[in-house]
Amino acid sequence: MSLRQTAKRFEDKLKKIKVICFDLDGILTDSHVWWASEEVGFNRSFCIYDGYGMKMLMKAGLRVGVITGGDSVSVHKRVNQLGLDFCYAGNEDKRTAFMDLLKKYNVKAEEVLYMGDELFDMPLLRKAGFSATVPNCSEEVKEIVDYVTIKESGKGCAREVMDLVRYAQGIIPTHEDF
Ligand SMILES: [Mg+2]
């Protein structure tokens with residue numbers, strides 16, 4: 001099934017989405033971290049396709065950001081570089097951040113898309129209006145989500161989900177938009 005066909009299949013849910021929320025490690029990264037230094041802490045690598053997808057959707061008026069259990073310079077550098085709307089970092093219990101997000105943007109859970117790959121993401125994956133994960137995560141996470149991406153962690157999996165939103169909502173930017 002093509003991405004456009006998948007977008008059609010989930011159209012009802014995807015059309016409602018106003019806020020897009022990503023877990024960071026294992027979604028926006030390939031899950032690997034490496035030690036840099038005492039000042040910098042752990043470093044990460046990010047996928048530029050995901051970054052551009054986030055910019056496109058923010059430009060189209062959606063709110064995009066991260067809720068991550070990790071917290072180091074590399075997290076905040078990437079968030080700031082992309083100009084993301086929100087970043088909750090450093091707490092593996094993500095429920096408080098999610099509730100705060102609903103209040104902040106005055107949206108219902110059904111208007112939020114959440115993508116995460118770990119067991120502690122499951123409460124949010126259950127609450128969100130549309131949920132997605134990666135093929136390389138634990139089985140029980142895959143069992144509860146709406147969609148498992150074709151692409152793996154940190155290799156454009158977030159862009160794949162954002163493209164579903166774009167297709168369902170008819171957001172097709174031209175190059176001149178940028
Ligand atoms: Mg993760």
# chains A, B, ... in the order shown; residues from 1 in each chain; ligands from 1
>>> residues_near_ligand(ligand="ligand 1", cutoff="12 Å", atoms="only C-alpha atoms and all ligand atoms", output="short mmCIF file (atom, residue, chain, number, x, y, z; two decimals) with all heavy atoms, in the first residue's frame")
data_model
loop_
_atom_site.label_atom_id
_atom_site.label_comp_id
_atom_site.auth_asym_id
_atom_site.auth_seq_id
_atom_site.Cartn_x
_atom_site.Cartn_y
_atom_site.Cartn_z
N PHE A 22 6.68 14.20 18.93
CA PHE A 22 7.59 13.07 18.74
C PHE A 22 8.38 12.79 20.01
O PHE A 22 8.85 13.71 20.68
CB PHE A 22 8.61 13.39 17.64
CG PHE A 22 8.01 13.53 16.28
CD1 PHE A 22 7.91 14.78 15.69
CD2 PHE A 22 7.56 12.42 15.59
CE1 PHE A 22 7.35 14.91 14.42
CE2 PHE A 22 7.00 12.54 14.32
CZ PHE A 22 6.90 13.79 13.74
N ASP A 23 8.55 11.51 20.28
CA ASP A 23 9.60 11.06 21.17
C ASP A 23 10.90 11.32 20.40
O ASP A 23 10.88 11.38 19.17
CB ASP A 23 9.37 9.56 21.44
CG ASP A 23 10.58 8.90 22.03
OD1 ASP A 23 11.24 9.53 22.88
OD2 ASP A 23 10.86 7.75 21.65
N LEU A 24 12.01 11.46 21.09
CA LEU A 24 13.24 11.83 20.38
C LEU A 24 14.14 10.62 20.09
O LEU A 24 14.34 10.22 18.94
CB LEU A 24 13.98 12.91 21.17
CG LEU A 24 15.14 13.55 20.43
CD1 LEU A 24 15.03 15.08 20.43
CD2 LEU A 24 16.45 13.15 21.06
N ASP A 25 14.67 9.98 21.16
CA ASP A 25 15.59 8.85 20.95
C ASP A 25 14.84 7.66 20.34
O ASP A 25 13.84 7.20 20.88
CB ASP A 25 16.24 8.45 22.28
CG ASP A 25 17.28 9.48 22.73
OD1 ASP A 25 18.14 9.83 21.90
OD2 ASP A 25 17.21 9.93 23.88
N GLY A 26 15.32 7.19 19.22
CA GLY A 26 14.69 6.04 18.57
C GLY A 26 13.58 6.42 17.60
O GLY A 26 13.04 5.56 16.91
N ILE A 27 13.25 7.71 17.56
CA ILE A 27 12.30 8.20 16.56
C ILE A 27 13.03 9.23 15.68
O ILE A 27 13.22 9.01 14.50
CB ILE A 27 11.04 8.81 17.20
CG1 ILE A 27 10.26 7.74 17.98
CG2 ILE A 27 10.16 9.46 16.12
CD1 ILE A 27 9.67 6.62 17.12
N LEU A 28 13.45 10.32 16.30
CA LEU A 28 14.20 11.33 15.55
C LEU A 28 15.68 10.98 15.46
O LEU A 28 16.43 11.60 14.72
CB LEU A 28 14.02 12.71 16.20
CG LEU A 28 12.57 13.22 16.26
CD1 LEU A 28 12.52 14.61 16.88
CD2 LEU A 28 11.91 13.22 14.89
N THR A 29 16.11 9.99 16.25
CA THR A 29 17.48 9.46 16.13
C THR A 29 17.40 7.96 15.89
O THR A 29 16.36 7.34 16.07
CB THR A 29 18.31 9.68 17.42
OG1 THR A 29 17.90 8.71 18.40
CG2 THR A 29 18.11 11.08 17.98
N ASP A 30 18.56 7.37 15.53
CA ASP A 30 18.57 5.92 15.28
C ASP A 30 18.69 5.13 16.58
O ASP A 30 18.91 3.92 16.56
CB ASP A 30 19.69 5.54 14.30
CG ASP A 30 21.09 5.84 14.85
OD1 ASP A 30 21.19 6.28 16.01
OD2 ASP A 30 22.06 5.63 14.12
N SER A 31 18.60 5.84 17.71
CA SER A 31 18.62 5.27 19.07
C SER A 31 20.03 5.19 19.66
O SER A 31 20.18 4.91 20.84
CB SER A 31 17.93 3.91 19.19
OG SER A 31 18.80 2.87 18.76
N HIS A 32 21.04 5.44 18.85
CA HIS A 32 22.40 5.42 19.39
C HIS A 32 22.79 6.78 19.96
O HIS A 32 22.40 7.81 19.43
CB HIS A 32 23.42 5.05 18.29
CG HIS A 32 23.21 3.68 17.76
ND1 HIS A 32 23.23 3.40 16.43
CD2 HIS A 32 22.96 2.52 18.40
CE1 HIS A 32 23.00 2.10 16.25
NE2 HIS A 32 22.84 1.54 17.44
N VAL A 33 23.53 6.75 21.06
CA VAL A 33 24.13 7.98 21.59
C VAL A 33 25.61 7.69 21.81
O VAL A 33 25.99 6.53 21.95
CB VAL A 33 23.49 8.42 22.94
CG1 VAL A 33 22.06 8.88 22.75
CG2 VAL A 33 23.56 7.30 23.99
N VAL A 66 8.67 17.96 20.69
CA VAL A 66 9.10 16.68 21.24
C VAL A 66 8.79 16.56 22.74
O VAL A 66 8.77 17.55 23.46
CB VAL A 66 10.63 16.44 21.04
CG1 VAL A 66 10.99 16.42 19.57
CG2 VAL A 66 11.45 17.49 21.75
N ILE A 67 8.55 15.33 23.13
CA ILE A 67 8.51 14.96 24.55
C ILE A 67 9.52 13.83 24.70
O ILE A 67 9.32 12.74 24.16
CB ILE A 67 7.12 14.48 25.01
CG1 ILE A 67 6.05 15.56 24.79
CG2 ILE A 67 7.16 14.09 26.49
CD1 ILE A 67 4.64 15.16 25.24
N THR A 68 10.62 14.10 25.38
CA THR A 68 11.69 13.12 25.44
C THR A 68 12.17 12.85 26.87
O THR A 68 12.24 13.77 27.69
CB THR A 68 12.90 13.56 24.56
OG1 THR A 68 14.01 12.70 24.84
CG2 THR A 68 13.33 14.98 24.86
N GLY A 69 12.50 11.61 27.11
CA GLY A 69 13.08 11.25 28.40
C GLY A 69 14.54 11.69 28.49
O GLY A 69 15.07 11.92 29.56
N GLY A 70 15.19 11.83 27.34
CA GLY A 70 16.59 12.25 27.28
C GLY A 70 16.72 13.75 27.50
O GLY A 70 15.76 14.49 27.34
N ALA A 89 11.73 17.83 28.08
CA ALA A 89 12.88 16.93 28.12
C ALA A 89 13.19 16.46 29.53
O ALA A 89 12.98 17.18 30.50
CB ALA A 89 14.10 17.62 27.53
N ASN A 91 12.19 13.58 31.34
CA ASN A 91 11.30 12.85 32.24
C ASN A 91 10.66 11.68 31.49
O ASN A 91 9.95 11.88 30.50
CB ASN A 91 10.21 13.79 32.77
CG ASN A 91 9.43 13.15 33.91
OD1 ASN A 91 9.54 11.94 34.15
ND2 ASN A 91 8.64 13.95 34.59
N GLU A 92 10.93 10.46 31.94
CA GLU A 92 10.38 9.29 31.25
C GLU A 92 8.89 9.12 31.51
O GLU A 92 8.21 8.41 30.75
CB GLU A 92 11.16 8.03 31.64
CG GLU A 92 12.53 8.02 30.95
CD GLU A 92 13.33 6.78 31.24
OE1 GLU A 92 12.89 5.93 32.04
OE2 GLU A 92 14.43 6.65 30.66
N LYS A 94 5.88 10.66 30.75
CA LYS A 94 5.54 11.73 29.80
C LYS A 94 4.10 12.21 29.92
O LYS A 94 3.69 13.11 29.20
CB LYS A 94 5.82 11.23 28.38
CG LYS A 94 7.27 10.83 28.17
CD LYS A 94 7.51 10.40 26.74
CE LYS A 94 9.00 10.15 26.50
NZ LYS A 94 9.29 9.85 25.10
N TYR A 114 0.92 11.29 18.26
CA TYR A 114 2.12 10.96 19.04
C TYR A 114 2.86 9.80 18.39
O TYR A 114 2.26 8.79 18.00
CB TYR A 114 1.77 10.61 20.49
CG TYR A 114 3.02 10.41 21.32
CD1 TYR A 114 3.81 11.50 21.70
CD2 TYR A 114 3.44 9.14 21.69
CE1 TYR A 114 4.98 11.32 22.42
CE2 TYR A 114 4.61 8.95 22.42
CZ TYR A 114 5.37 10.06 22.78
OH TYR A 114 6.53 9.88 23.49
N MET A 115 4.17 9.94 18.30
CA MET A 115 5.01 8.87 17.77
C MET A 115 6.11 8.56 18.78
O MET A 115 6.88 9.44 19.17
CB MET A 115 5.62 9.31 16.44
CG MET A 115 6.46 8.24 15.78
SD MET A 115 6.91 8.66 14.09
CE MET A 115 7.59 7.08 13.57
N GLY A 116 6.18 7.31 19.21
CA GLY A 116 7.18 6.90 20.19
C GLY A 116 7.51 5.42 20.03
O GLY A 116 6.77 4.68 19.38
N ASP A 117 8.62 4.99 20.61
CA ASP A 117 9.08 3.63 20.35
C ASP A 117 9.34 2.80 21.60
O ASP A 117 9.78 1.65 21.49
CB ASP A 117 10.39 3.67 19.53
CG ASP A 117 11.54 4.26 20.33
OD1 ASP A 117 11.29 5.12 21.19
OD2 ASP A 117 12.69 3.87 20.08
N GLU A 118 9.10 3.36 22.78
CA GLU A 118 9.50 2.62 23.98
C GLU A 118 8.28 2.31 24.85
O GLU A 118 7.20 2.87 24.69
CB GLU A 118 10.56 3.46 24.72
CG GLU A 118 11.39 2.72 25.75
CD GLU A 118 11.88 1.34 25.32
OE1 GLU A 118 11.08 0.38 25.41
OE2 GLU A 118 13.05 1.20 24.92
N LEU A 119 8.46 1.39 25.79
CA LEU A 119 7.33 0.97 26.63
C LEU A 119 6.74 2.15 27.39
O LEU A 119 5.52 2.25 27.54
CB LEU A 119 7.77 -0.13 27.61
CG LEU A 119 8.33 -1.40 26.97
CD1 LEU A 119 8.76 -2.38 28.04
CD2 LEU A 119 7.30 -2.04 26.05
N PHE A 120 7.61 3.07 27.83
CA PHE A 120 7.08 4.22 28.56
C PHE A 120 6.37 5.24 27.66
O PHE A 120 5.84 6.23 28.14
CB PHE A 120 8.14 4.90 29.46
CG PHE A 120 9.43 5.26 28.77
CD1 PHE A 120 9.47 6.29 27.84
CD2 PHE A 120 10.60 4.57 29.06
CE1 PHE A 120 10.65 6.65 27.21
CE2 PHE A 120 11.80 4.92 28.44
CZ PHE A 120 11.82 5.95 27.52
N ASP A 121 6.35 5.00 26.36
CA ASP A 121 5.56 5.83 25.45
C ASP A 121 4.13 5.32 25.33
O ASP A 121 3.27 6.01 24.76
CB ASP A 121 6.20 5.84 24.05
CG ASP A 121 7.51 6.59 24.01
OD1 ASP A 121 7.52 7.76 24.46
OD2 ASP A 121 8.52 6.02 23.57
N MET A 122 3.88 4.13 25.83
CA MET A 122 2.58 3.50 25.60
C MET A 122 1.38 4.29 26.15
O MET A 122 0.35 4.36 25.49
CB MET A 122 2.59 2.05 26.09
CG MET A 122 3.44 1.18 25.17
SD MET A 122 3.69 -0.50 25.77
CE MET A 122 2.10 -1.23 25.47
N ALA A 132 1.84 6.32 16.19
CA ALA A 132 2.72 5.61 15.27
C ALA A 132 3.99 5.20 15.97
O ALA A 132 4.41 5.82 16.97
CB ALA A 132 3.06 6.51 14.07
N THR A 133 4.61 4.15 15.44
CA THR A 133 5.90 3.71 15.96
C THR A 133 6.75 3.15 14.82
O THR A 133 6.35 3.21 13.66
CB THR A 133 5.73 2.68 17.10
OG1 THR A 133 6.98 2.51 17.78
CG2 THR A 133 5.26 1.32 16.57
N VAL A 134 7.92 2.64 15.17
CA VAL A 134 8.88 2.14 14.18
C VAL A 134 8.89 0.60 14.18
O VAL A 134 8.53 -0.02 15.19
CB VAL A 134 10.30 2.66 14.50
CG1 VAL A 134 10.44 4.12 14.08
CG2 VAL A 134 10.65 2.48 15.97
N ASN A 136 11.31 -1.44 14.38
CA ASN A 136 12.37 -2.08 15.17
C ASN A 136 12.13 -2.01 16.68
O ASN A 136 13.02 -2.32 17.45
CB ASN A 136 13.72 -1.45 14.83
CG ASN A 136 13.70 0.06 14.82
OD1 ASN A 136 13.07 0.66 13.95
ND2 ASN A 136 14.36 0.68 15.77
N CYS A 137 10.92 -1.60 17.11
CA CYS A 137 10.68 -1.51 18.56
C CYS A 137 10.03 -2.80 19.09
O CYS A 137 9.77 -3.73 18.33
CB CYS A 137 9.82 -0.30 18.89
SG CYS A 137 8.12 -0.49 18.38
N SER A 138 9.76 -2.84 20.39
CA SER A 138 9.17 -4.03 21.01
C SER A 138 7.76 -4.32 20.47
O SER A 138 7.02 -3.40 20.14
CB SER A 138 9.07 -3.85 22.53
OG SER A 138 10.35 -3.72 23.08
N VAL A 141 4.53 -2.49 21.77
CA VAL A 141 4.32 -1.12 21.32
C VAL A 141 3.63 -1.16 19.95
O VAL A 141 2.65 -0.45 19.70
CB VAL A 141 5.65 -0.33 21.24
CG1 VAL A 141 5.41 1.09 20.75
CG2 VAL A 141 6.33 -0.31 22.61
N SER A 153 13.97 3.64 12.92
CA SER A 153 14.41 4.74 13.79
C SER A 153 15.45 5.63 13.15
O SER A 153 16.49 5.14 12.67
CB SER A 153 15.05 4.16 15.05
OG SER A 153 14.11 3.49 15.83
N GLY A 154 15.18 6.95 13.16
CA GLY A 154 16.18 7.92 12.73
C GLY A 154 16.50 7.91 11.25
O GLY A 154 17.44 8.56 10.81
#
>>> residues_around(residues="stretch 71-88 of chain A", least_positions_apart="5", cutoff="12 Å", atoms="only C-alpha atoms", output="ChimeraX atom specification")
/A:19-25,28-29,33-59,61-66,93-102,104-105
>>> atom_distance(atom1="atom CA of A:Glu110", atom2="atom CA of A:Arg166")
17.1 Å
>>> atom_distance(atom1="atom CA of A:Met1", atom2="atom CA of A:Ala158")
18.1 Å
>>> residues_around(residues="A:Arg4", least_positions_apart="3", cutoff="8 Å", atoms="only C-alpha atoms", output="list in words")
Ala7, Lys8, Leu164, Tyr167 and Ala168 of chain A
>>> write_last_selection(atoms="N, CA and C atoms", output="PDB file, in the first residue's frame")
ATOM      1  N   ALA A   7      -2.708   7.134   3.859  1.00  0.00           N
ATOM      2  CA  ALA A   7      -3.275   8.404   4.333  1.00  0.00           C
ATOM      3  C   ALA A   7      -4.786   8.415   4.144  1.00  0.00           C
ATOM      4  N   LYS A   8      -5.236   7.864   3.051  1.00  0.00           N
ATOM      5  CA  LYS A   8      -6.687   7.791   2.752  1.00  0.00           C
ATOM      6  C   LYS A   8      -7.370   6.884   3.782  1.00  0.00           C
ATOM      7  N   LEU A 164       2.052  11.356   5.842  1.00  0.00           N
ATOM      8  CA  LEU A 164       0.660  10.878   5.957  1.00  0.00           C
ATOM      9  C   LEU A 164      -0.265  12.041   6.321  1.00  0.00           C
ATOM     10  N   TYR A 167      -0.632  14.420   3.320  1.00  0.00           N
ATOM     11  CA  TYR A 167      -1.522  13.913   2.278  1.00  0.00           C
ATOM     12  C   TYR A 167      -2.983  13.985   2.733  1.00  0.00           C
ATOM     13  N   ALA A 168      -3.245  13.598   3.968  1.00  0.00           N
ATOM     14  CA  ALA A 168      -4.625  13.599   4.475  1.00  0.00           C
ATOM     15  C   ALA A 168      -5.178  15.017   4.576  1.00  0.00           C
TER      16      ALA A 168
END
>>> closest_residue(among="A:Lys13, A:Leu3, A:Val165, A:Lys151", to="A:Ala128", atoms="only C-alpha atoms")
A:Lys13
>>> select_by_dssp(residues="chain A", states="helix (DSSP H, G or I)", output="VMD selection string")
chain A and resid 3 to 9 11 to 15 48 to 59 73 to 82 95 to 105 109 to 111 119 to 127 139 to 144 157 to 169 175 to 177
>>> select_by_dssp(residues="chain A", states="strand (DSSP E or B)", output="JSON, numbers by chain")
{"A": [19, 20, 21, 22, 34, 35, 36, 37, 41, 42, 43, 63, 64, 65, 66, 67, 68, 86, 87, 88, 89, 112, 113, 114, 115, 130, 131, 132, 133, 147, 148]}
>>> closest_residue(among="A:Asn106, A:Ser131, A:Thr149, A:Gln169", to="A:Glu11", atoms="only C-alpha atoms")
A:Gln169
>>> atom_distance(atom1="atom CA of A:Met162", atom2="atom CA of A:Glu139")
22.7 Å
>>> closest_residue(among="A:Val107, A:Ala60, A:Val112, A:Leu14", to="A:Ile171", atoms="only C-alpha atoms")
A:Ala60
>>> decode(residues="stretch 35-168 of chain A", atoms="C-alpha atoms", output="mmCIF file, in the first residue's frame")
data_model
loop_
_atom_site.group_PDB
_atom_site.id
_atom_site.type_symbol
_atom_site.label_atom_id
_atom_site.label_comp_id
_atom_site.auth_asym_id
_atom_site.auth_seq_id
_atom_site.Cartn_x
_atom_site.Cartn_y
_atom_site.Cartn_z
ATOM 1 C CA TRP A 35 29.799 10.249 24.730
ATOM 2 C CA ALA A 36 31.197 13.617 23.694
ATOM 3 C CA SER A 37 32.527 15.331 26.821
ATOM 4 C CA GLU A 38 31.595 16.381 30.347
ATOM 5 C CA GLU A 39 30.170 19.710 29.078
ATOM 6 C CA VAL A 40 28.306 18.304 26.066
ATOM 7 C CA GLY A 41 27.239 14.907 27.443
ATOM 8 C CA PHE A 42 25.870 12.440 24.874
ATOM 9 C CA ASN A 43 25.707 13.292 21.177
ATOM 10 C CA ARG A 44 23.063 12.130 18.707
ATOM 11 C CA SER A 45 22.551 12.187 14.942
ATOM 12 C CA PHE A 46 19.300 13.394 13.365
ATOM 13 C CA CYS A 47 17.703 12.820 9.976
ATOM 14 C CA ILE A 48 17.369 15.909 7.790
ATOM 15 C CA TYR A 49 14.217 14.564 6.069
ATOM 16 C CA ASP A 50 12.481 14.609 9.451
ATOM 17 C CA GLY A 51 13.690 18.152 10.076
ATOM 18 C CA TYR A 52 12.326 19.431 6.783
ATOM 19 C CA GLY A 53 9.006 17.652 7.375
ATOM 20 C CA MET A 54 8.681 19.427 10.717
ATOM 21 C CA LYS A 55 9.381 22.793 9.123
ATOM 22 C CA MET A 56 6.778 22.166 6.413
ATOM 23 C CA LEU A 57 4.066 21.288 8.899
ATOM 24 C CA MET A 58 4.872 24.201 11.209
ATOM 25 C CA LYS A 59 4.669 26.510 8.209
ATOM 26 C CA ALA A 60 1.268 25.029 7.428
ATOM 27 C CA GLY A 61 0.077 26.015 10.920
ATOM 28 C CA LEU A 62 0.461 22.778 12.869
ATOM 29 C CA ARG A 63 2.290 22.727 16.197
ATOM 30 C CA VAL A 64 5.273 20.375 16.223
ATOM 31 C CA GLY A 65 7.622 19.384 19.033
ATOM 32 C CA VAL A 66 9.105 16.679 21.241
ATOM 33 C CA ILE A 67 8.507 14.962 24.555
ATOM 34 C CA THR A 68 11.695 13.115 25.439
ATOM 35 C CA GLY A 69 13.076 11.250 28.402
ATOM 36 C CA GLY A 70 16.587 12.247 27.285
ATOM 37 C CA ASP A 71 18.112 15.587 28.084
ATOM 38 C CA SER A 72 21.466 16.924 26.857
ATOM 39 C CA VAL A 73 22.942 19.705 24.752
ATOM 40 C CA SER A 74 22.366 17.781 21.500
ATOM 41 C CA VAL A 75 18.613 17.579 22.213
ATOM 42 C CA HIS A 76 18.217 21.315 22.777
ATOM 43 C CA LYS A 77 20.525 22.275 19.895
ATOM 44 C CA ARG A 78 18.415 20.336 17.417
ATOM 45 C CA VAL A 79 15.123 21.600 18.855
ATOM 46 C CA ASN A 80 16.330 25.209 18.699
ATOM 47 C CA GLN A 81 17.839 24.820 15.245
ATOM 48 C CA LEU A 82 14.507 23.620 13.866
ATOM 49 C CA GLY A 83 12.535 26.225 15.828
ATOM 50 C CA LEU A 84 10.173 23.605 17.221
ATOM 51 C CA ASP A 85 7.069 24.821 19.036
ATOM 52 C CA PHE A 86 7.659 22.835 22.218
ATOM 53 C CA CYS A 87 10.182 20.590 23.970
ATOM 54 C CA TYR A 88 9.606 18.644 27.169
ATOM 55 C CA ALA A 89 12.875 16.928 28.116
ATOM 56 C CA GLY A 90 14.289 14.750 30.847
ATOM 57 C CA ASN A 91 11.300 12.854 32.237
ATOM 58 C CA GLU A 92 10.384 9.293 31.248
ATOM 59 C CA ASP A 93 6.904 9.762 32.720
ATOM 60 C CA LYS A 94 5.541 11.728 29.802
ATOM 61 C CA ARG A 95 1.907 11.953 30.903
ATOM 62 C CA THR A 96 2.314 15.291 32.677
ATOM 63 C CA ALA A 97 3.922 16.819 29.592
ATOM 64 C CA PHE A 98 1.114 15.486 27.400
ATOM 65 C CA MET A 99 -1.598 16.953 29.651
ATOM 66 C CA ASP A 100 0.267 20.261 29.702
ATOM 67 C CA LEU A 101 0.417 20.204 25.913
ATOM 68 C CA LEU A 102 -3.366 19.801 25.625
ATOM 69 C CA LYS A 103 -3.832 22.819 27.876
ATOM 70 C CA LYS A 104 -1.149 24.913 26.185
ATOM 71 C CA TYR A 105 -2.702 24.602 22.725
ATOM 72 C CA ASN A 106 -6.299 24.105 23.885
ATOM 73 C CA VAL A 107 -6.676 20.841 21.969
ATOM 74 C CA LYS A 108 -8.227 17.449 22.690
ATOM 75 C CA ALA A 109 -6.148 14.263 22.730
ATOM 76 C CA GLU A 110 -7.805 13.232 19.456
ATOM 77 C CA GLU A 111 -6.200 16.278 17.832
ATOM 78 C CA VAL A 112 -2.697 15.177 18.841
ATOM 79 C CA LEU A 113 -0.462 12.763 16.926
ATOM 80 C CA TYR A 114 2.119 10.963 19.036
ATOM 81 C CA MET A 115 5.013 8.871 17.769
ATOM 82 C CA GLY A 116 7.183 6.897 20.190
ATOM 83 C CA ASP A 117 9.083 3.625 20.347
ATOM 84 C CA GLU A 118 9.498 2.625 23.979
ATOM 85 C CA LEU A 119 7.329 0.969 26.628
ATOM 86 C CA PHE A 120 7.076 4.224 28.564
ATOM 87 C CA ASP A 121 5.564 5.828 25.448
ATOM 88 C CA MET A 122 2.576 3.502 25.595
ATOM 89 C CA PRO A 123 0.340 5.709 27.800
ATOM 90 C CA LEU A 124 0.676 8.541 25.274
ATOM 91 C CA LEU A 125 0.319 6.254 22.283
ATOM 92 C CA ARG A 126 -2.981 5.090 23.786
ATOM 93 C CA LYS A 127 -4.224 8.637 24.461
ATOM 94 C CA ALA A 128 -3.289 10.275 21.152
ATOM 95 C CA GLY A 129 -5.733 10.688 18.280
ATOM 96 C CA PHE A 130 -3.243 9.052 15.949
ATOM 97 C CA SER A 131 -0.296 6.952 17.099
ATOM 98 C CA ALA A 132 2.723 5.613 15.269
ATOM 99 C CA THR A 133 5.901 3.707 15.962
ATOM 100 C CA VAL A 134 8.880 2.136 14.183
ATOM 101 C CA PRO A 135 9.292 -1.472 12.984
ATOM 102 C CA ASN A 136 12.366 -2.076 15.172
ATOM 103 C CA CYS A 137 10.684 -1.514 18.561
ATOM 104 C CA SER A 138 9.167 -4.034 21.010
ATOM 105 C CA GLU A 139 6.132 -6.026 19.882
ATOM 106 C CA GLU A 140 3.762 -4.682 22.524
ATOM 107 C CA VAL A 141 4.317 -1.117 21.316
ATOM 108 C CA LYS A 142 3.532 -2.126 17.749
ATOM 109 C CA GLU A 143 0.384 -3.905 18.907
ATOM 110 C CA ILE A 144 -1.282 -0.738 20.234
ATOM 111 C CA VAL A 145 -0.508 1.870 17.558
ATOM 112 C CA ASP A 146 -2.477 2.946 14.504
ATOM 113 C CA TYR A 147 0.537 2.772 12.236
ATOM 114 C CA VAL A 148 3.966 1.127 12.115
ATOM 115 C CA THR A 149 6.297 2.928 9.705
ATOM 116 C CA ILE A 150 8.215 1.273 6.899
ATOM 117 C CA LYS A 151 11.323 3.292 7.763
ATOM 118 C CA GLU A 152 13.318 2.520 10.885
ATOM 119 C CA SER A 153 14.407 4.741 13.791
ATOM 120 C CA GLY A 154 16.177 7.922 12.735
ATOM 121 C CA LYS A 155 15.991 7.089 9.019
ATOM 122 C CA GLY A 156 13.033 9.217 7.987
ATOM 123 C CA CYS A 157 10.341 7.428 10.024
ATOM 124 C CA ALA A 158 9.017 10.733 11.396
ATOM 125 C CA ARG A 159 8.900 12.208 7.893
ATOM 126 C CA GLU A 160 6.905 9.174 6.761
ATOM 127 C CA VAL A 161 4.255 9.905 9.394
ATOM 128 C CA MET A 162 4.309 13.631 8.642
ATOM 129 C CA ASP A 163 3.783 12.832 4.965
ATOM 130 C CA LEU A 164 0.660 10.878 5.957
ATOM 131 C CA VAL A 165 -0.608 14.023 7.715
ATOM 132 C CA ARG A 166 0.298 16.169 4.700
ATOM 133 C CA TYR A 167 -1.522 13.913 2.278
ATOM 134 C CA ALA A 168 -4.625 13.599 4.475
#
